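Note: the block below is data.txt and it holds compact mmCIF, C-alpha atoms and all ligand atoms.
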# COMPACT_ATOMS: atom_id res chain seq x y z
CA MET A 672 89.63 -109.81 20.49
CA THR A 673 86.59 -111.04 18.67
CA SER A 674 86.69 -112.73 15.38
CA ILE A 675 85.14 -110.68 12.57
CA LEU A 676 85.69 -113.28 9.84
CA GLU A 677 85.79 -117.04 10.07
CA VAL A 678 86.13 -119.25 7.05
CA GLN A 679 85.59 -122.82 8.18
CA ASN A 680 86.54 -125.80 6.04
CA VAL A 681 85.38 -124.22 2.78
CA TYR A 682 85.15 -126.16 -0.47
CA SER A 683 84.65 -123.99 -3.50
CA GLY A 684 85.36 -123.72 -7.20
CA TYR A 685 83.91 -123.22 -10.65
CA GLY A 686 81.24 -125.64 -11.78
CA LYS A 687 82.68 -129.12 -11.48
CA ILE A 688 86.20 -127.83 -10.88
CA GLU A 689 86.95 -127.80 -7.16
CA VAL A 690 89.69 -125.29 -6.30
CA LEU A 691 89.48 -124.98 -2.51
CA HIS A 692 89.53 -128.31 -0.71
CA GLY A 693 88.62 -127.40 2.84
CA VAL A 694 90.25 -124.03 3.56
CA SER A 695 89.99 -122.34 6.96
CA ILE A 696 91.11 -118.85 7.89
CA GLN A 697 90.26 -116.39 10.60
CA ALA A 698 90.55 -112.63 11.07
CA ASP A 699 90.14 -110.94 14.43
CA SER A 700 88.70 -107.46 14.48
CA GLY A 701 91.43 -104.91 13.74
CA GLU A 702 93.89 -107.37 12.24
CA ILE A 703 95.66 -107.42 8.92
CA VAL A 704 95.54 -111.00 7.72
CA CYS A 705 97.69 -111.97 4.79
CA ILE A 706 97.33 -114.99 2.56
CA ILE A 707 100.26 -115.93 0.39
CA GLY A 708 100.84 -118.80 -1.98
CA PRO A 709 101.91 -119.59 -5.51
CA ASN A 710 100.00 -118.66 -8.62
CA GLY A 711 96.93 -120.89 -9.02
CA SER A 712 96.78 -121.93 -5.37
CA GLY A 713 93.25 -120.55 -4.97
CA LYS A 714 93.86 -117.18 -3.29
CA SER A 715 91.54 -115.21 -5.57
CA THR A 716 88.96 -118.00 -5.39
CA LEU A 717 89.03 -117.74 -1.61
CA LEU A 718 88.35 -113.99 -1.67
CA LYS A 719 85.58 -114.44 -4.25
CA THR A 720 84.03 -117.08 -2.03
CA ILE A 721 84.20 -114.85 1.06
CA PHE A 722 82.61 -111.98 -0.89
CA GLY A 723 79.87 -114.18 -2.36
CA LEU A 724 80.80 -114.01 -6.04
CA ILE A 725 80.98 -117.79 -5.87
CA LYS A 726 79.24 -119.88 -3.24
CA PRO A 727 80.96 -122.54 -1.16
CA LYS A 728 79.92 -126.13 -1.86
CA ARG A 729 80.70 -127.07 1.73
CA GLY A 730 81.86 -125.22 4.83
CA VAL A 731 80.81 -121.84 6.15
CA VAL A 732 81.80 -118.18 6.08
CA LEU A 733 80.95 -116.33 9.30
CA PHE A 734 80.98 -112.54 9.56
CA SER A 735 80.79 -111.30 13.17
CA GLY A 736 79.45 -114.73 14.06
CA ARG A 737 76.70 -114.67 11.44
CA ASP A 738 76.58 -117.24 8.65
CA ILE A 739 76.91 -115.31 5.37
CA SER A 740 78.05 -118.25 3.21
CA LEU A 741 75.22 -117.98 0.70
CA LYS A 742 74.56 -114.24 0.73
CA GLU A 743 75.00 -112.11 -2.36
CA PRO A 744 77.82 -109.54 -2.65
CA GLU A 745 75.45 -106.53 -2.51
CA GLU A 746 74.14 -107.70 0.83
CA LYS A 747 77.68 -108.22 2.09
CA VAL A 748 78.59 -104.67 1.05
CA GLY A 749 75.62 -103.49 3.11
CA MET A 750 77.00 -105.41 6.09
CA GLY A 751 80.37 -103.65 5.82
CA ILE A 752 82.47 -105.88 3.58
CA ALA A 753 84.44 -104.35 0.70
CA TYR A 754 86.20 -106.29 -2.02
CA ILE A 755 88.92 -104.94 -4.30
CA PRO A 756 89.57 -107.43 -7.07
CA GLN A 757 92.92 -108.20 -8.66
CA GLY A 758 93.74 -105.89 -11.56
CA LYS A 759 90.68 -104.17 -13.02
CA ASN A 760 89.29 -102.51 -9.91
CA ILE A 761 88.41 -99.02 -11.15
CA PHE A 762 86.47 -97.63 -14.12
CA PRO A 763 89.17 -96.16 -16.40
CA SER A 764 86.78 -94.17 -18.60
CA LEU A 765 85.18 -92.40 -15.63
CA THR A 766 86.83 -89.54 -13.74
CA VAL A 767 88.42 -90.00 -10.33
CA ARG A 768 85.47 -88.19 -8.78
CA GLU A 769 82.92 -90.35 -10.61
CA ASN A 770 84.72 -93.49 -9.47
CA LEU A 771 84.51 -92.33 -5.86
CA GLU A 772 80.85 -91.36 -6.23
CA MET A 773 80.13 -94.83 -7.57
CA GLY A 774 81.83 -96.30 -4.52
CA GLY A 775 79.36 -94.28 -2.46
CA THR A 776 76.28 -95.59 -4.29
CA PRO A 777 75.18 -97.82 -1.36
CA LEU A 778 74.92 -94.65 0.76
CA HIS A 779 71.93 -93.56 -1.42
CA ASP A 780 71.62 -89.97 -0.15
CA SER A 781 73.60 -87.59 -2.40
CA ARG A 782 74.48 -85.31 0.51
CA VAL A 783 75.90 -88.23 2.46
CA ILE A 784 77.89 -89.24 -0.61
CA GLU A 785 79.23 -85.68 -0.99
CA LYS A 786 80.27 -85.67 2.68
CA ALA A 787 82.06 -89.01 2.26
CA LEU A 788 83.75 -87.66 -0.86
CA GLN A 789 85.06 -84.60 0.99
CA ASP A 790 86.39 -86.85 3.78
CA ILE A 791 88.20 -88.94 1.19
CA PHE A 792 89.69 -85.84 -0.48
CA GLN A 793 91.01 -84.73 2.90
CA ARG A 794 92.73 -88.03 3.47
CA TYR A 795 93.89 -88.40 -0.14
CA PRO A 796 94.87 -84.96 -1.50
CA VAL A 797 96.41 -86.67 -4.52
CA LEU A 798 92.92 -87.78 -5.56
CA GLU A 799 91.42 -84.34 -5.00
CA LYS A 800 94.08 -82.87 -7.28
CA ARG A 801 93.20 -85.41 -9.96
CA MET A 802 89.43 -85.55 -9.43
CA LYS A 803 88.53 -84.40 -12.95
CA MET A 804 90.99 -86.70 -14.66
CA LYS A 805 89.97 -89.98 -16.21
CA ALA A 806 90.93 -92.76 -13.83
CA GLY A 807 92.56 -94.58 -16.73
CA SER A 808 95.17 -91.83 -16.97
CA LEU A 809 96.41 -92.39 -13.41
CA SER A 810 99.61 -94.27 -12.63
CA GLY A 811 99.35 -97.85 -11.36
CA GLY A 812 99.96 -96.75 -7.78
CA GLU A 813 97.41 -93.94 -7.97
CA ARG A 814 94.85 -96.38 -9.37
CA GLN A 815 95.40 -98.67 -6.42
CA VAL A 816 94.99 -95.69 -4.06
CA LEU A 817 91.78 -94.81 -5.90
CA ALA A 818 90.52 -98.38 -5.52
CA LEU A 819 91.21 -98.24 -1.77
CA ALA A 820 89.55 -94.82 -1.45
CA ARG A 821 86.58 -95.92 -3.54
CA ALA A 822 86.00 -98.91 -1.28
CA SER A 823 86.43 -96.66 1.79
CA MET A 824 83.50 -94.43 0.75
CA VAL A 825 81.04 -96.65 2.64
CA GLN A 826 83.35 -97.08 5.66
CA PRO A 827 83.59 -100.85 5.54
CA LYS A 828 84.59 -102.91 8.57
CA LEU A 829 86.37 -105.57 6.54
CA MET A 830 88.34 -105.05 3.33
CA LEU A 831 89.29 -107.92 1.06
CA LEU A 832 92.22 -107.02 -1.19
CA ASP A 833 93.39 -109.19 -4.05
CA GLU A 834 97.06 -108.52 -4.90
CA PRO A 835 97.14 -104.77 -4.21
CA SER A 836 100.84 -104.63 -5.10
CA LEU A 837 100.63 -106.46 -8.43
CA GLY A 838 102.77 -104.81 -11.09
CA LEU A 839 103.89 -101.92 -8.88
CA ALA A 840 107.44 -100.73 -8.21
CA PRO A 841 108.84 -101.37 -4.69
CA LYS A 842 108.58 -97.72 -3.67
CA VAL A 843 104.95 -97.58 -4.78
CA ILE A 844 104.18 -100.84 -2.97
CA GLU A 845 105.64 -99.23 0.16
CA GLU A 846 103.22 -96.33 -0.24
CA ILE A 847 100.20 -98.59 -0.80
CA TYR A 848 101.01 -100.50 2.40
CA GLU A 849 101.36 -97.23 4.30
CA ARG A 850 97.83 -96.42 3.17
CA ILE A 851 96.61 -99.86 4.15
CA ASN A 852 98.26 -99.56 7.57
CA ALA A 853 96.66 -96.14 8.08
CA ILE A 854 93.18 -97.46 7.25
CA ASN A 855 93.86 -100.41 9.54
CA HIS A 856 94.86 -98.09 12.40
CA ALA A 857 91.47 -96.43 12.01
CA GLY A 858 89.94 -99.82 12.88
CA VAL A 859 89.37 -101.58 9.57
CA THR A 860 90.21 -105.30 9.33
CA PHE A 861 92.01 -106.52 6.22
CA VAL A 862 92.33 -109.82 4.45
CA ILE A 863 95.02 -109.39 1.82
CA VAL A 864 96.04 -111.91 -0.78
CA GLU A 865 99.50 -111.51 -2.29
CA GLN A 866 101.86 -113.44 -4.47
CA ASN A 867 104.65 -110.93 -3.82
CA ALA A 868 104.52 -111.48 -0.15
CA ARG A 869 107.34 -109.74 1.71
CA LYS A 870 105.69 -106.38 2.20
CA ALA A 871 102.33 -107.93 3.03
CA LEU A 872 103.86 -110.26 5.62
CA LYS A 873 105.58 -107.30 7.29
CA SER A 874 102.20 -105.66 7.84
CA ALA A 875 100.34 -108.84 8.76
CA HIS A 876 99.27 -109.73 12.28
CA ARG A 877 98.31 -113.18 11.05
CA ALA A 878 99.33 -114.96 7.89
CA TYR A 879 98.50 -118.11 5.98
CA VAL A 880 100.18 -120.02 3.22
CA LEU A 881 97.74 -121.54 0.78
CA ASP A 882 98.93 -124.18 -1.66
CA LEU A 883 96.90 -126.24 -4.12
CA GLY A 884 93.68 -125.18 -2.43
CA ILE A 885 94.58 -126.27 1.09
CA ASN A 886 96.11 -124.58 4.15
CA ARG A 887 99.87 -125.18 4.27
CA LEU A 888 101.00 -122.94 7.14
CA GLU A 889 99.67 -120.40 9.60
CA ASP A 890 101.63 -118.04 11.86
CA THR A 891 102.30 -114.38 12.54
CA GLY A 892 103.49 -112.44 9.47
CA GLU A 893 106.84 -111.87 11.15
CA ARG A 894 107.49 -115.55 11.79
CA LEU A 895 106.45 -116.66 8.31
CA LEU A 896 108.75 -114.01 6.89
CA ASN A 897 111.64 -115.70 8.73
CA ASN A 898 110.55 -119.28 8.12
CA GLU A 899 113.19 -121.06 6.00
CA GLU A 900 110.67 -123.13 4.08
CA VAL A 901 108.55 -120.07 3.30
CA LYS A 902 111.62 -118.14 2.22
CA ARG A 903 112.73 -120.92 -0.09
CA LEU A 904 109.36 -121.84 -1.58
CA TYR A 905 107.38 -118.62 -1.61
CA LEU A 906 109.66 -115.63 -1.23
CA GLY A 907 112.26 -116.49 -3.84
CA GLY A 908 115.10 -117.45 -1.44
N1 LIG B 1001 86.59 -118.66 -13.72
C1 LIG B 1001 87.28 -119.80 -13.57
N2 LIG B 1001 86.82 -120.95 -14.11
C2 LIG B 1001 87.50 -122.12 -13.99
N3 LIG B 1001 88.65 -122.23 -13.29
C3 LIG B 1001 89.15 -121.12 -12.73
C4 LIG B 1001 88.48 -119.87 -12.83
N4 LIG B 1001 89.24 -118.94 -12.16
C5 LIG B 1001 90.28 -119.61 -11.66
N5 LIG B 1001 90.24 -120.91 -12.00
C6 LIG B 1001 91.22 -121.95 -11.62
O1 LIG B 1001 91.26 -122.05 -10.20
C7 LIG B 1001 92.59 -122.27 -9.75
C8 LIG B 1001 92.92 -121.23 -8.70
O2 LIG B 1001 92.88 -119.93 -9.30
P1 LIG B 1001 92.99 -118.61 -8.42
O3 LIG B 1001 92.05 -118.67 -7.31
O4 LIG B 1001 92.86 -117.48 -9.39
O5 LIG B 1001 94.49 -118.72 -7.87
P2 LIG B 1001 95.46 -117.58 -7.34
O6 LIG B 1001 94.67 -116.36 -7.09
O7 LIG B 1001 96.08 -118.16 -6.10
O8 LIG B 1001 96.51 -117.39 -8.40
C9 LIG B 1001 93.48 -122.23 -10.98
O9 LIG B 1001 93.78 -123.55 -11.34
C10 LIG B 1001 92.63 -121.55 -12.02
O10 LIG B 1001 92.93 -122.03 -13.29
MG MG B 1002 94.83 -114.46 -7.87

Whole structure, structure tokens version:
Amino acid sequence: MTSILEVQNVYSGYGKIEVLHGVSIQADSGEIVCIIGPNGSGKSTLLKTIFGLIKPKRGVVLFSGRDISLKEPEEKVGMGIAYIPQGKNIFPSLTVRENLEMGGTPLHDSRVIEKALQDIFQRYPVLEKRMKMKAGSLSGGERQVLALARASMVQPKLMLLDEPSLGLAPKVIEEIYERINAINHAGVTFVIVEQNARKALKSAHRAYVLDLGINRLEDTGERLLNNEEVKRLYLGG
């Protein structure tokens, strides 16, 4: 296995506020990597730093061995990195179809975009059925599916997901993770940040606990799920 993402000793934050104090994570190609940790521990900041929305003050981010620490998000999208932020990750006033078309913008050619759109509709019939509806009228779960599909338009190699299960009912979370697992089986690597961690840990090949901007623990998802300390501190007993 080769490592597709390496975050090495990254320090990052907002202006003078340092949030990450030397965080390191790794994702091998084809893995689902999960990062859990309490609210405010720096999970979203880590994903923003990997995607280039904020730049690390120290440390490096390597993508397929290449230093991308200081590159802009658009360039990272072009290299095959997709980022789905926490919460507002679709355009509610646009239709489902328009949202997907926007996801395809980096493909430039309208025929290529149309082809990608048809592929997506095949894999996500629920979106085809709703393609003329405003995205804002979808249920929370459908919106999350749309966000995943929208990011899939450009066939990324690495997907960064910030709390994909936030605010969703357990059954819907189950469905979202089935989708994630299916995309992963097709070869896409995931780095997923979650506060509600059980489901994510079940899917994870590798998992990290982040706390107060530093690495606390690293193990397989399975083992962290059964770790007494993790259960007590991060999974609500
Ligand atoms: N835009 C921002 N400006 C200043 N501080 C921020 C900003 N966003 C987040 N923070 C702070 O960074 C810390 C980590 O936040 P975040 O990365 O969102 O944590 P998590 O995603 O684990 O809940 C928190 O203390 C938060 O208040
Ligand atoms: Mg967050």

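Of note, atom CA of Gly708 of chain A and atom CA of Val732 of chain A are spaced 20.7 Å apart.
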
Given 8 Å and only C-alpha atoms and all ligand atoms, residues near ligand MG 1002 (chain B) as number ranges by chain: A: 710-711, 713-716, 757, 833-834, 864-866

Could the residues of segment 814-894 of chain A that have an atom at most 7 Å from segment 698-705 of chain A be listed as CSV, each with its closest atom pair and the distance in Å to one decimal, counting all atoms listed in the file and ordered by chain and ascending residue number?
residue,atom,partner,partner_atom,distance
A:Asn855,CA,A:Gly701,CA,6.6
A:Gly858,CA,A:Gly701,CA,5.4
A:Val859,CA,A:Gly701,CA,5.7
A:Thr860,CA,A:Gly701,CA,4.6
A:Phe861,CA,A:Ile703,CA,4.6
A:Val862,CA,A:Val704,CA,4.7
A:Ile863,CA,A:Cys705,CA,4.8
A:Val864,CA,A:Cys705,CA,5.8
A:Ala871,CA,A:Cys705,CA,6.4
A:Leu872,CA,A:Cys705,CA,6.5
A:Ser874,CA,A:Ile703,CA,6.9
A:Ala875,CA,A:Ile703,CA,4.9
A:His876,CA,A:Ile703,CA,5.4
A:Arg877,CA,A:Val704,CA,4.8
A:Ala878,CA,A:Cys705,CA,4.6
A:Tyr879,CA,A:Cys705,CA,6.3

Polymer residues at most 12 Å from Tyr685 of chain A, only C-alpha atoms, same-chain spacing of 6 or more positions, as number ranges by chain: A: 691, 713, 716-717, 719-720, 724-728

Point-to-point distance in Å for atom CA of Gly838 of chain A and atom CA of Asn886 of chain A: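 Interatomic distance here is 25.8 Å.
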
Can you find the residues with an atom no farther than 8 Å from (89.7, -124.8, 7.5), counting all atoms listed in the file, and report them as a short mmCIF file (atom, residue, chain, number, x, y, z; two decimals) with C-alpha atoms, in the frame of the given file?
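Output file out03.cif follows:
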data_model
loop_
_atom_site.label_atom_id
_atom_site.label_comp_id
_atom_site.auth_asym_id
_atom_site.auth_seq_id
_atom_site.Cartn_x
_atom_site.Cartn_y
_atom_site.Cartn_z
CA VAL A 678 86.13 -119.25 7.05
CA GLN A 679 85.59 -122.82 8.18
CA ASN A 680 86.54 -125.80 6.04
CA VAL A 681 85.38 -124.22 2.78
CA GLY A 693 88.62 -127.40 2.84
CA VAL A 694 90.25 -124.03 3.56
CA SER A 695 89.99 -122.34 6.96
CA ILE A 696 91.11 -118.85 7.89
CA ASN A 886 96.11 -124.58 4.15
#

Long-range neighbours of Glu772 of chain A as a ChimeraX atom specification, 10 Å cut-off, only C-alpha atoms, 2 positions minimum in chain: /A:766-770,774-778,781,784-785,787-788,821,824

Residues proximal to (112.6, -104.9, 4.1) were defined as those with any atom within 12 Å of that point in the file's coordinates, counting only C-alpha atoms. Which are they, as a CSV table (one decimal) with C-alpha atoms, keeping the file's coordinate frame?
chain,number,residue,atom,x,y,z
A,841,PRO,CA,108.8,-101.4,-4.7
A,842,LYS,CA,108.6,-97.7,-3.7
A,844,ILE,CA,104.2,-100.8,-3.0
A,845,GLU,CA,105.6,-99.2,0.2
A,868,ALA,CA,104.5,-111.5,-0.2
A,869,ARG,CA,107.3,-109.7,1.7
A,870,LYS,CA,105.7,-106.4,2.2
A,871,ALA,CA,102.3,-107.9,3.0
A,872,LEU,CA,103.9,-110.3,5.6
A,873,LYS,CA,105.6,-107.3,7.3
A,874,SER,CA,102.2,-105.7,7.8
A,893,GLU,CA,106.8,-111.9,11.2
A,896,LEU,CA,108.8,-114.0,6.9
A,897,ASN,CA,111.6,-115.7,8.7

Pairwise distance for atom CA of Lys800 of chain A and atom CA of Ala857 of chain A, rounded to one decimal in Å: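 Computed distance, atom CA of Lys800 of chain A to atom CA of Ala857 of chain A, equals 23.7 Å.
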
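Taking all atoms listed in the file into account, ligand LIG 1001 (chain B) lies nearest to A:Pro709 out of the set A:Pro709, A:Gly811, A:Gly892, A:Gly749.
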
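Taking only C-alpha atoms and all ligand atoms into account, ligand LIG 1001 (chain B) lies nearest to A:Ser712 out of the set A:Ser764, A:Ser735, A:Ser712, A:Gln793.
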
From A:Glu799, A:Glu813, A:Glu677, A:Glu689, residue lying nearest ligand LIG 1001 (chain B) [only C-alpha atoms and all ligand atoms]: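 Closest residue, counting only C-alpha atoms and all ligand atoms: A:Glu689.
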
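Of the listed residues A:Ile675, A:Ile761, A:Leu718, A:Leu895, the one whose atoms come nearest to ligand LIG 1001 (chain B) is A:Leu718, with distances taken using all atoms listed in the file.
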
Minimum-distance residue to ligand LIG 1001 (chain B), chosen among A:Leu906, A:Met804, A:Leu798, A:Leu832 (using only C-alpha atoms and all ligand atoms):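 Nearest candidate to ligand LIG 1001 (chain B) out of A:Leu906, A:Met804, A:Leu798, A:Leu832: A:Leu832.
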
Minimum-distance residue to ligand LIG 1001 (chain B), chosen among A:Val797, A:Ala840, A:Ala853, A:Leu883 (using all atoms listed in the file): A:Leu883

Spatial neighbours of Lys747 of chain A, 12 Å, all atoms listed in the file, chain gap at least 4 places, as a list in words: Lys719, Thr720, Ile721, Phe722, Gly723, Leu724, Val732, Leu733, Phe734, Ser735, Arg737, Asp738, Ile739, Ser740, Leu741, Lys742, Glu743, Gly751, Ile752, Ala753, Tyr754, Pro777, Pro827, Lys828, Leu829, Met830 and Leu831 of chain A
